[in-house]
file protein39.txt (compact mmCIF, C-alpha atoms)
# COMPACT_ATOMS: atom_id res chain seq x y z
CA MET A 2 103.32 -31.48 152.73
CA LYS A 3 101.13 -33.88 150.72
CA LYS A 4 99.65 -32.30 147.61
CA GLU A 5 95.93 -32.63 146.98
CA ASN A 6 94.69 -34.08 143.70
CA LEU A 7 93.02 -31.10 142.06
CA PHE A 8 91.14 -33.31 139.58
CA ARG A 9 89.48 -35.50 142.20
CA PHE A 10 85.69 -35.18 142.57
CA ASP A 11 83.71 -36.60 145.42
CA SER A 12 80.68 -38.87 144.85
CA ASN A 13 78.17 -36.05 145.43
CA THR A 14 79.70 -33.98 142.64
CA LYS A 15 79.54 -36.92 140.23
CA GLN A 16 75.89 -37.59 141.10
CA LYS A 17 74.99 -33.94 140.56
CA LYS A 18 76.66 -33.90 137.15
CA PHE A 19 74.93 -37.17 136.18
CA VAL A 20 71.52 -35.79 137.17
CA LYS A 21 72.23 -32.51 135.39
CA TYR A 22 73.22 -34.13 132.09
CA SER A 23 70.38 -36.65 132.33
CA LEU A 24 67.87 -33.81 132.70
CA ILE A 25 69.41 -31.97 129.77
CA PHE A 26 69.20 -35.13 127.66
CA LEU A 27 65.56 -35.79 128.62
CA ILE A 28 64.58 -32.19 127.90
CA ALA A 29 66.29 -32.37 124.49
CA VAL A 30 64.47 -35.61 123.69
CA PHE A 31 61.13 -34.10 124.75
CA ILE A 32 61.73 -31.00 122.64
CA GLY A 33 62.68 -33.19 119.65
CA ILE A 34 59.54 -35.31 120.00
CA PHE A 35 57.38 -32.19 120.36
CA ILE A 36 58.89 -30.57 117.25
CA TYR A 37 58.52 -33.81 115.23
CA SER A 38 54.91 -34.33 116.36
CA THR A 39 53.96 -30.73 115.62
CA ALA A 40 55.60 -30.84 112.19
CA SER A 41 53.85 -34.13 111.38
CA LEU A 42 50.48 -32.68 112.36
CA ILE A 43 51.05 -29.64 110.16
CA ILE A 44 52.30 -31.68 107.19
CA ASN A 45 49.52 -34.27 107.45
CA ALA A 46 46.69 -31.90 108.42
CA ASP A 47 45.07 -32.18 105.00
CA LYS A 48 45.69 -35.92 104.63
CA THR A 49 42.23 -36.96 105.75
CA ALA A 50 41.67 -39.89 103.37
CA THR A 51 43.02 -43.42 103.74
CA ILE A 52 44.06 -46.08 101.22
CA GLU A 53 44.45 -49.63 102.49
CA VAL A 54 46.79 -51.59 100.23
CA LEU A 55 47.31 -55.30 99.63
CA VAL A 56 48.94 -56.28 96.35
CA ALA A 57 50.39 -59.49 94.92
CA PRO A 58 53.03 -60.48 94.06
CA SER A 59 54.49 -58.99 97.21
CA ASP A 60 57.60 -57.71 95.37
CA SER A 61 55.63 -55.87 92.69
CA THR A 62 56.32 -52.20 92.07
CA LEU A 63 53.37 -50.13 93.23
CA THR A 64 53.19 -46.46 92.29
CA ILE A 65 50.44 -44.00 93.14
CA ASP A 66 50.73 -40.78 91.15
CA GLY A 67 54.36 -41.71 90.45
CA ARG A 68 55.32 -42.32 94.11
CA ASN A 69 56.44 -45.79 95.21
CA PHE A 70 54.64 -47.51 98.07
CA PRO A 71 54.90 -50.90 99.81
CA THR A 72 52.55 -53.61 98.55
CA LYS A 73 51.04 -54.04 101.99
CA THR A 74 50.43 -50.80 103.87
CA THR A 75 47.96 -48.14 104.95
CA ILE A 76 48.40 -44.72 103.37
CA ARG A 77 47.17 -41.38 104.67
CA ILE A 78 46.58 -39.10 101.71
CA LYS A 79 44.80 -35.96 100.55
CA PRO A 80 41.31 -36.56 99.18
CA GLY A 81 41.35 -36.83 95.40
CA THR A 82 41.71 -39.14 92.42
CA TYR A 83 45.08 -40.81 91.87
CA SER A 84 46.60 -42.92 89.13
CA VAL A 85 47.68 -46.39 90.22
CA LYS A 86 50.21 -48.66 88.52
CA ILE A 87 51.32 -52.12 89.61
CA GLU A 88 54.13 -53.80 87.65
CA LYS A 89 56.36 -56.86 87.75
CA ASP A 90 58.28 -58.64 85.02
CA GLY A 91 56.40 -61.68 83.79
CA PHE A 92 53.00 -60.30 84.82
CA ILE A 93 50.29 -58.24 83.14
CA SER A 94 50.55 -54.69 84.47
CA TYR A 95 47.67 -53.06 86.32
CA ASN A 96 46.80 -49.46 85.39
CA ASN A 97 43.82 -47.74 86.92
CA SER A 98 42.76 -44.84 89.12
CA ILE A 99 41.53 -44.69 92.68
CA THR A 100 39.44 -42.03 94.40
CA ALA A 101 40.13 -41.29 98.06
CA GLU A 102 37.37 -39.43 99.90
CA ASP A 103 37.58 -37.24 102.97
CA LYS A 104 37.53 -39.23 106.23
CA LYS A 105 36.90 -42.49 104.39
CA THR A 106 38.96 -45.57 103.57
CA VAL A 107 39.29 -46.89 100.04
CA TYR A 108 40.73 -50.33 99.38
CA LEU A 109 43.38 -51.27 96.85
CA TYR A 110 43.25 -55.06 96.77
CA GLU A 111 44.74 -56.35 93.52
CA TYR A 112 46.89 -59.20 92.24
CA LEU A 113 48.65 -59.33 88.90
CA ASN A 114 47.87 -62.10 86.44
CA GLU A 115 50.81 -64.10 85.13
CA GLU A 116 51.89 -63.89 81.53
CA ASP A 117 51.94 -67.22 79.67
CA GLU A 118 55.61 -67.95 80.30
CA ASN A 119 55.11 -67.33 84.02
CA GLY A 120 51.78 -69.11 84.37
CA THR A 121 52.64 -71.30 87.37
CA PHE A 122 54.10 -68.57 89.60
CA TYR A 123 51.35 -68.56 92.22
CA GLN A 124 50.98 -72.33 92.04
CA ASN A 125 54.66 -72.75 92.83
CA ASN A 126 54.85 -70.08 95.55
CA GLU A 127 52.72 -70.94 98.58
CA GLU A 128 53.06 -67.57 100.34
CA GLU A 129 52.13 -65.65 97.20
CA ASN A 130 49.27 -68.03 96.54
CA GLN A 131 47.95 -67.42 100.07
CA ARG A 132 48.31 -63.70 99.50
CA THR A 133 46.18 -63.83 96.34
CA GLN A 134 43.55 -65.84 98.22
CA GLN A 135 43.54 -63.20 100.95
CA ILE A 136 43.05 -60.49 98.32
CA TYR A 137 40.24 -62.46 96.71
CA ASP A 138 38.51 -62.92 100.08
CA LYS A 139 38.84 -59.24 100.97
CA LYS A 140 37.39 -58.19 97.61
CA ALA A 141 34.51 -60.63 98.07
CA ASP A 142 33.81 -59.20 101.54
CA LEU A 143 33.80 -55.67 100.15
CA PHE A 144 31.42 -56.67 97.37
CA HIS A 145 29.09 -58.35 99.85
CA GLU A 146 29.18 -55.37 102.21
CA GLU A 147 28.56 -52.92 99.37
CA TYR A 148 25.57 -54.88 98.17
CA THR A 149 24.03 -55.89 101.47
CA GLY A 150 25.75 -53.82 104.13
CA THR A 151 25.53 -54.65 107.82
CA ASP A 152 21.84 -53.79 108.27
CA ASN A 153 19.93 -56.35 110.34
CA ILE A 154 17.29 -56.57 107.60
CA TRP A 155 19.62 -58.91 105.73
CA ASN A 156 19.68 -61.29 108.70
CA ILE A 157 15.90 -61.71 108.89
CA THR A 158 15.00 -61.71 105.19
CA PRO A 159 14.09 -63.28 102.89
CA TYR A 160 11.26 -64.62 105.02
CA ASP A 161 8.27 -66.60 103.77
CA ASN A 162 5.31 -67.41 106.01
CA TYR A 163 2.53 -68.78 103.85
CA ASN A 164 0.35 -69.68 106.81
CA GLN A 165 0.42 -66.09 108.05
CA GLY A 166 -0.12 -64.85 104.52
CA TYR A 167 2.98 -62.89 103.59
CA ARG A 168 6.51 -63.08 102.16
CA ILE A 169 9.25 -60.48 102.74
CA PHE A 170 12.51 -59.89 100.90
CA ALA A 171 14.88 -56.92 100.74
CA GLU A 172 17.07 -55.50 98.01
CA LYS A 173 18.99 -52.37 97.15
CA ASP A 174 17.71 -49.95 94.55
CA ASP A 175 19.84 -48.06 92.01
CA ASN A 176 20.76 -45.52 94.68
CA LYS A 177 21.85 -48.30 97.05
CA LYS A 178 18.95 -47.63 99.39
CA ILE A 179 17.24 -50.62 100.96
CA LEU A 180 13.84 -51.51 99.57
CA VAL A 181 11.66 -53.97 101.51
CA ASN A 182 9.22 -55.92 99.36
CA ILE A 183 6.19 -57.48 101.07
CA TYR A 184 4.07 -59.87 99.05
CA LEU A 185 0.66 -60.65 100.50
CA TYR A 186 -0.86 -64.05 99.78
CA THR A 187 -4.38 -62.84 99.16
CA CYS A 188 -6.69 -61.75 96.40
CA SER A 189 -9.21 -60.21 98.77
CA ASP A 190 -9.34 -56.49 99.55
CA SER A 191 -10.72 -57.23 102.98
CA LYS A 192 -7.60 -59.15 104.05
CA ILE A 193 -4.94 -56.71 102.77
CA GLU A 194 -4.66 -54.50 105.86
CA ASP A 195 -4.61 -57.45 108.27
CA LEU A 196 -1.78 -59.13 106.38
CA LYS A 197 0.15 -55.86 106.16
CA THR A 198 -0.05 -55.57 109.94
CA LYS A 199 1.21 -59.13 110.43
CA ALA A 200 4.16 -58.52 108.10
CA LEU A 201 5.09 -55.25 109.81
CA ASN A 202 4.82 -56.91 113.22
CA TYR A 203 7.33 -59.52 112.08
CA LEU A 204 9.79 -56.73 111.24
CA LYS A 205 9.21 -54.95 114.56
CA GLU A 206 9.63 -58.18 116.54
CA ASN A 207 13.07 -58.47 114.96
CA ASN A 208 14.09 -54.91 115.91
CA ILE A 209 13.43 -53.45 112.46
CA ASN A 210 11.75 -50.06 112.28
CA PRO A 211 9.67 -50.11 109.07
CA GLU A 212 9.79 -46.30 108.93
CA ASN A 213 13.50 -46.48 108.10
CA TYR A 214 12.89 -48.30 104.81
CA ALA A 215 11.05 -47.88 101.57
CA ILE A 216 8.34 -50.55 101.60
CA GLU A 217 6.46 -51.86 98.59
CA TYR A 218 3.41 -54.12 98.88
CA SER A 219 2.12 -56.46 96.23
CA SER A 220 -0.50 -59.19 96.02
CA CYS A 221 -2.49 -61.10 93.42
CA LEU A 222 -4.78 -58.08 93.02
call {"tool": "encode", "arguments": {"input": "protein39.txt", "output": "structure tokens"}}
result
Amino acid sequence: MKKENLFRFDSNTKQKKFVKYSLIFLIAVFIGIFIYSTASLIINADKTATIEVLVAPSDSTLTIDGRNFPTKTTIRIKPGTYSVKIEKDGFISYNNSITAEDKKTVYLYEYLNEEDENGTFYQNNEEENQRTQQIYDKKADLFHEEYTGTDNIWNITPYDNYNQGYRIFAEKDDNKKILVNIYLYTCSDSKIEDLKTKALNYLKENNINPENYAIEYSSCL
């Protein structure tokens, strides 16, 4: 009598085992992802501030409160003030502090200046030179935004209409609030109110609500 192979499995058995182990694997992966995500949320729950980093040279050593970070990255961090150090041989070190505020982004855009013996580094390294230009441009954009912001008032002023009898320009006061200055081309009391109305109409026609700004009038009076 022919003996049966006790270790032989039919195709249905193999498929069942494959499905079984695949499900076990997928469940294990799902549990791992869930545990990792939950742990990350708990660990980073108080990291509500952001630091955007771009530093040159790219291989500098960047430390924030003694911890090393890449020279191009975005960091989630607890709100607070941190010491910053950027170092590289042949360059003047950068030492400063940075304050990260809750639910806000602060920008660390800095490049190190060469020491005398290394004075042509950027000139001789195109990528690093482009990186410093990018840092310079970003810092210029930040300065412009801090001073002017994105308010539409900056797009329609300064405006001078001598024929209509007024000139308008805007600026920021010491508290960084926008002040709208309206100069009226008149020395007559009887014309003041009419010219004020014309100037305010110009603002309204350009989707500016005068009530949202501090407005100061002046004239030759």
call {"tool": "atom_distance", "arguments": {"input": "protein39.txt", "atom1": "CA of Asn176 (chain A)", "atom2": "CA of Asn207 (chain A)"}}
result
25.3 Å
call {"tool": "atom_distance", "arguments": {"input": "protein39.txt", "atom1": "CA of Leu109 (chain A)", "atom2": "CA of Val54 (chain A)"}}
result
4.8 Å
call {"tool": "residues_around", "arguments": {"input": "protein39.txt", "residues": "Glu217 (chain A)", "least_positions_apart": "5", "cutoff": "12 Å", "atoms": "only C-alpha atoms", "output": "list in words"}}
result
Arg168, Ile169, Phe170, Ala171, Glu172, Ile179, Leu180, Val181, Asn182, Ile183, Tyr184, Leu185, Lys197, Ala200, Leu201 and Pro211 of chain A
call {"tool": "write_last_selection", "arguments": {"input": "protein39.txt", "atoms": "C-alpha atoms", "output": "PDB file, in the coordinates of the input"}}
result
ATOM      1  CA  ARG A 168       6.510 -63.080 102.160  1.00  0.00           C
ATOM      2  CA  ILE A 169       9.250 -60.480 102.740  1.00  0.00           C
ATOM      3  CA  PHE A 170      12.510 -59.890 100.900  1.00  0.00           C
ATOM      4  CA  ALA A 171      14.880 -56.920 100.740  1.00  0.00           C
ATOM      5  CA  GLU A 172      17.070 -55.500  98.010  1.00  0.00           C
ATOM      6  CA  ILE A 179      17.240 -50.620 100.960  1.00  0.00           C
ATOM      7  CA  LEU A 180      13.840 -51.510  99.570  1.00  0.00           C
ATOM      8  CA  VAL A 181      11.660 -53.970 101.510  1.00  0.00           C
ATOM      9  CA  ASN A 182       9.220 -55.920  99.360  1.00  0.00           C
ATOM     10  CA  ILE A 183       6.190 -57.480 101.070  1.00  0.00           C
ATOM     11  CA  TYR A 184       4.070 -59.870  99.050  1.00  0.00           C
ATOM     12  CA  LEU A 185       0.660 -60.650 100.500  1.00  0.00           C
ATOM     13  CA  LYS A 197       0.150 -55.860 106.160  1.00  0.00           C
ATOM     14  CA  ALA A 200       4.160 -58.520 108.100  1.00  0.00           C
ATOM     15  CA  LEU A 201       5.090 -55.250 109.810  1.00  0.00           C
ATOM     16  CA  PRO A 211       9.670 -50.110 109.070  1.00  0.00           C
TER      17      PRO A 211
END
call {"tool": "closest_residue", "arguments": {"input": "protein39.txt", "among": "A:Leu196, A:Val30, A:Ala141, A:Leu24", "to": "Gln165 (chain A)", "atoms": "all atoms listed in the file"}}
result
A:Leu196
call {"tool": "axis_aligned_box", "arguments": {"input": "protein39.txt", "around": "region 89-103 of chain A", "padding_each_side": "5 Å", "output": "JSON"}}
result
{"center_x": 47.8, "center_y": -49.5, "center_z": 93.1, "size_x": 30.9, "size_y": 34.4, "size_z": 29.8}
call {"tool": "residues_around", "arguments": {"input": "protein39.txt", "residues": "Lys105 (chain A)", "least_positions_apart": "6", "cutoff": "12 Å", "atoms": "all atoms listed in the file", "output": "list in words"}}
result
Lys48, Thr49, Ala50, Thr51, Ile52, Glu53, Ile76, Arg77, Ile78, Lys79, Pro80 and Gly81 of chain A
call {"tool": "write_last_selection", "arguments": {"input": "protein39.txt", "atoms": "C-alpha atoms", "output": "JSON list (two decimals), in the frame of the given file"}}
result
[["chain", "number", "residue", "atom", "x", "y", "z"],
["A", 48, "LYS", "CA", 45.69, -35.92, 104.63],
["A", 49, "THR", "CA", 42.23, -36.96, 105.75],
["A", 50, "ALA", "CA", 41.67, -39.89, 103.37],
["A", 51, "THR", "CA", 43.02, -43.42, 103.74],
["A", 52, "ILE", "CA", 44.06, -46.08, 101.22],
["A", 53, "GLU", "CA", 44.45, -49.63, 102.49],
["A", 76, "ILE", "CA", 48.40, -44.72, 103.37],
["A", 77, "ARG", "CA", 47.17, -41.38, 104.67],
["A", 78, "ILE", "CA", 46.58, -39.10, 101.71],
["A", 79, "LYS", "CA", 44.80, -35.96, 100.55],
["A", 80, "PRO", "CA", 41.31, -36.56, 99.18],
["A", 81, "GLY", "CA", 41.35, -36.83, 95.40]]
call {"tool": "closest_residue", "arguments": {"input": "protein39.txt", "among": "A:Glu111, A:Ile209, A:Leu27, A:Ala215", "to": "Ile136 (chain A)", "atoms": "only C-alpha atoms"}}
result
A:Glu111
call {"tool": "atom_distance", "arguments": {"input": "protein39.txt", "atom1": "CA of Tyr167 (chain A)", "atom2": "CA of Glu147 (chain A)"}}
result
27.8 Å
call {"tool": "closest_residue", "arguments": {"input": "protein39.txt", "among": "A:Lys173, A:Pro159, A:Ile154, A:Pro71", "to": "Asn210 (chain A)", "atoms": "only C-alpha atoms"}}
result
A:Ile154
call {"tool": "closest_residue", "arguments": {"input": "protein39.txt", "among": "A:Thr74, A:Asn164, A:Asn208, A:Thr64", "to": "Lys89 (chain A)", "atoms": "all atoms listed in the file"}}
result
A:Thr64
call {"tool": "residues_around", "arguments": {"input": "protein39.txt", "residues": "Glu128 (chain A)", "least_positions_apart": "5", "cutoff": "12 Å", "atoms": "all atoms listed in the file", "output": "list in words"}}
result
Ala57, Pro58, Ser59, Asp60, Phe122, Tyr123, Thr133, Gln134 and Gln135 of chain A
call {"tool": "decode", "arguments": {"input": "protein39.txt", "residues": "region 168-198 of chain A", "atoms": "N, CA and C atoms", "output": "PDB file, in the first residue's frame"}}
result
ATOM      1  N   ARG A 168      -2.965 114.646   0.203  1.00  0.00           N
ATOM      2  CA  ARG A 168      -1.850 113.684   0.068  1.00  0.00           C
ATOM      3  C   ARG A 168      -1.960 112.699   1.226  1.00  0.00           C
ATOM      4  N   ILE A 169      -1.756 111.411   0.935  1.00  0.00           N
ATOM      5  CA  ILE A 169      -1.894 110.364   1.959  1.00  0.00           C
ATOM      6  C   ILE A 169      -0.626 109.512   2.008  1.00  0.00           C
ATOM      7  N   PHE A 170      -0.120 109.265   3.192  1.00  0.00           N
ATOM      8  CA  PHE A 170       0.962 108.288   3.355  1.00  0.00           C
ATOM      9  C   PHE A 170       0.779 107.575   4.684  1.00  0.00           C
ATOM     10  N   ALA A 171       1.259 106.349   4.745  1.00  0.00           N
ATOM     11  CA  ALA A 171       1.100 105.521   5.947  1.00  0.00           C
ATOM     12  C   ALA A 171       2.458 105.180   6.534  1.00  0.00           C
ATOM     13  N   GLU A 172       2.466 104.922   7.827  1.00  0.00           N
ATOM     14  CA  GLU A 172       3.681 104.520   8.523  1.00  0.00           C
ATOM     15  C   GLU A 172       3.292 103.732   9.763  1.00  0.00           C
ATOM     16  N   LYS A 173       4.285 103.104  10.380  1.00  0.00           N
ATOM     17  CA  LYS A 173       4.026 102.395  11.625  1.00  0.00           C
ATOM     18  C   LYS A 173       4.556 103.200  12.793  1.00  0.00           C
ATOM     19  N   ASP A 174       3.765 103.246  13.877  1.00  0.00           N
ATOM     20  CA  ASP A 174       4.216 103.973  15.053  1.00  0.00           C
ATOM     21  C   ASP A 174       5.119 103.090  15.902  1.00  0.00           C
ATOM     22  N   ASP A 175       5.500 103.551  17.074  1.00  0.00           N
ATOM     23  CA  ASP A 175       6.425 102.802  17.930  1.00  0.00           C
ATOM     24  C   ASP A 175       5.856 101.460  18.377  1.00  0.00           C
ATOM     25  N   ASN A 176       4.544 101.334  18.371  1.00  0.00           N
ATOM     26  CA  ASN A 176       3.897 100.080  18.752  1.00  0.00           C
ATOM     27  C   ASN A 176       3.552  99.216  17.544  1.00  0.00           C
ATOM     28  N   LYS A 177       4.113  99.588  16.385  1.00  0.00           N
ATOM     29  CA  LYS A 177       3.923  98.865  15.130  1.00  0.00           C
ATOM     30  C   LYS A 177       2.472  98.870  14.651  1.00  0.00           C
ATOM     31  N   LYS A 178       1.718  99.862  15.092  1.00  0.00           N
ATOM     32  CA  LYS A 178       0.375 100.052  14.576  1.00  0.00           C
ATOM     33  C   LYS A 178       0.432 101.014  13.393  1.00  0.00           C
ATOM     34  N   ILE A 179      -0.474 100.834  12.447  1.00  0.00           N
ATOM     35  CA  ILE A 179      -0.444 101.633  11.224  1.00  0.00           C
ATOM     36  C   ILE A 179      -1.101 102.990  11.468  1.00  0.00           C
ATOM     37  N   LEU A 180      -0.382 104.019  11.127  1.00  0.00           N
ATOM     38  CA  LEU A 180      -0.874 105.386  11.219  1.00  0.00           C
ATOM     39  C   LEU A 180      -1.007 105.946   9.808  1.00  0.00           C
ATOM     40  N   VAL A 181      -2.186 106.461   9.473  1.00  0.00           N
ATOM     41  CA  VAL A 181      -2.436 107.042   8.159  1.00  0.00           C
ATOM     42  C   VAL A 181      -2.409 108.570   8.296  1.00  0.00           C
ATOM     43  N   ASN A 182      -1.482 109.178   7.581  1.00  0.00           N
ATOM     44  CA  ASN A 182      -1.356 110.632   7.604  1.00  0.00           C
ATOM     45  C   ASN A 182      -2.017 111.217   6.356  1.00  0.00           C
ATOM     46  N   ILE A 183      -2.907 112.188   6.558  1.00  0.00           N
ATOM     47  CA  ILE A 183      -3.582 112.854   5.449  1.00  0.00           C
ATOM     48  C   ILE A 183      -3.268 114.348   5.520  1.00  0.00           C
ATOM     49  N   TYR A 184      -2.553 114.805   4.518  1.00  0.00           N
ATOM     50  CA  TYR A 184      -2.238 116.240   4.449  1.00  0.00           C
ATOM     51  C   TYR A 184      -3.195 116.892   3.463  1.00  0.00           C
ATOM     52  N   LEU A 185      -3.824 117.967   3.915  1.00  0.00           N
ATOM     53  CA  LEU A 185      -4.809 118.677   3.096  1.00  0.00           C
ATOM     54  C   LEU A 185      -4.183 119.945   2.524  1.00  0.00           C
ATOM     55  N   TYR A 186      -4.254 120.092   1.219  1.00  0.00           N
ATOM     56  CA  TYR A 186      -3.672 121.257   0.558  1.00  0.00           C
ATOM     57  C   TYR A 186      -4.629 122.453   0.650  1.00  0.00           C
ATOM     58  N   THR A 187      -4.770 122.979   1.817  1.00  0.00           N
ATOM     59  CA  THR A 187      -5.617 124.162   1.976  1.00  0.00           C
ATOM     60  C   THR A 187      -5.206 124.929   3.230  1.00  0.00           C
ATOM     61  N   CYS A 188      -5.501 126.209   3.170  1.00  0.00           N
ATOM     62  CA  CYS A 188      -5.296 127.057   4.348  1.00  0.00           C
ATOM     63  C   CYS A 188      -6.630 127.671   4.761  1.00  0.00           C
ATOM     64  N   SER A 189      -7.700 127.107   4.263  1.00  0.00           N
ATOM     65  CA  SER A 189      -9.035 127.660   4.519  1.00  0.00           C
ATOM     66  C   SER A 189      -9.848 126.691   5.358  1.00  0.00           C
ATOM     67  N   ASP A 190     -10.395 127.180   6.463  1.00  0.00           N
ATOM     68  CA  ASP A 190     -11.242 126.350   7.320  1.00  0.00           C
ATOM     69  C   ASP A 190     -12.439 125.786   6.565  1.00  0.00           C
ATOM     70  N   SER A 191     -12.954 126.558   5.659  1.00  0.00           N
ATOM     71  CA  SER A 191     -14.180 126.164   4.969  1.00  0.00           C
ATOM     72  C   SER A 191     -13.977 124.973   4.032  1.00  0.00           C
ATOM     73  N   LYS A 192     -12.736 124.689   3.659  1.00  0.00           N
ATOM     74  CA  LYS A 192     -12.470 123.587   2.725  1.00  0.00           C
ATOM     75  C   LYS A 192     -12.005 122.306   3.421  1.00  0.00           C
ATOM     76  N   ILE A 193     -11.705 122.385   4.703  1.00  0.00           N
ATOM     77  CA  ILE A 193     -11.135 121.241   5.425  1.00  0.00           C
ATOM     78  C   ILE A 193     -12.020 120.001   5.334  1.00  0.00           C
ATOM     79  N   GLU A 194     -13.280 120.123   5.694  1.00  0.00           N
ATOM     80  CA  GLU A 194     -14.166 118.958   5.755  1.00  0.00           C
ATOM     81  C   GLU A 194     -14.376 118.338   4.382  1.00  0.00           C
ATOM     82  N   ASP A 195     -14.479 119.176   3.354  1.00  0.00           N
ATOM     83  CA  ASP A 195     -14.664 118.664   1.989  1.00  0.00           C
ATOM     84  C   ASP A 195     -13.462 117.843   1.546  1.00  0.00           C
ATOM     85  N   LEU A 196     -12.261 118.339   1.854  1.00  0.00           N
ATOM     86  CA  LEU A 196     -11.049 117.613   1.460  1.00  0.00           C
ATOM     87  C   LEU A 196     -10.876 116.337   2.277  1.00  0.00           C
ATOM     88  N   LYS A 197     -11.263 116.376   3.541  1.00  0.00           N
ATOM     89  CA  LYS A 197     -11.224 115.155   4.352  1.00  0.00           C
ATOM     90  C   LYS A 197     -12.113 114.081   3.726  1.00  0.00           C
ATOM     91  N   THR A 198     -13.288 114.467   3.306  1.00  0.00           N
ATOM     92  CA  THR A 198     -14.223 113.521   2.691  1.00  0.00           C
ATOM     93  C   THR A 198     -13.641 112.921   1.416  1.00  0.00           C
TER      94      THR A 198
END
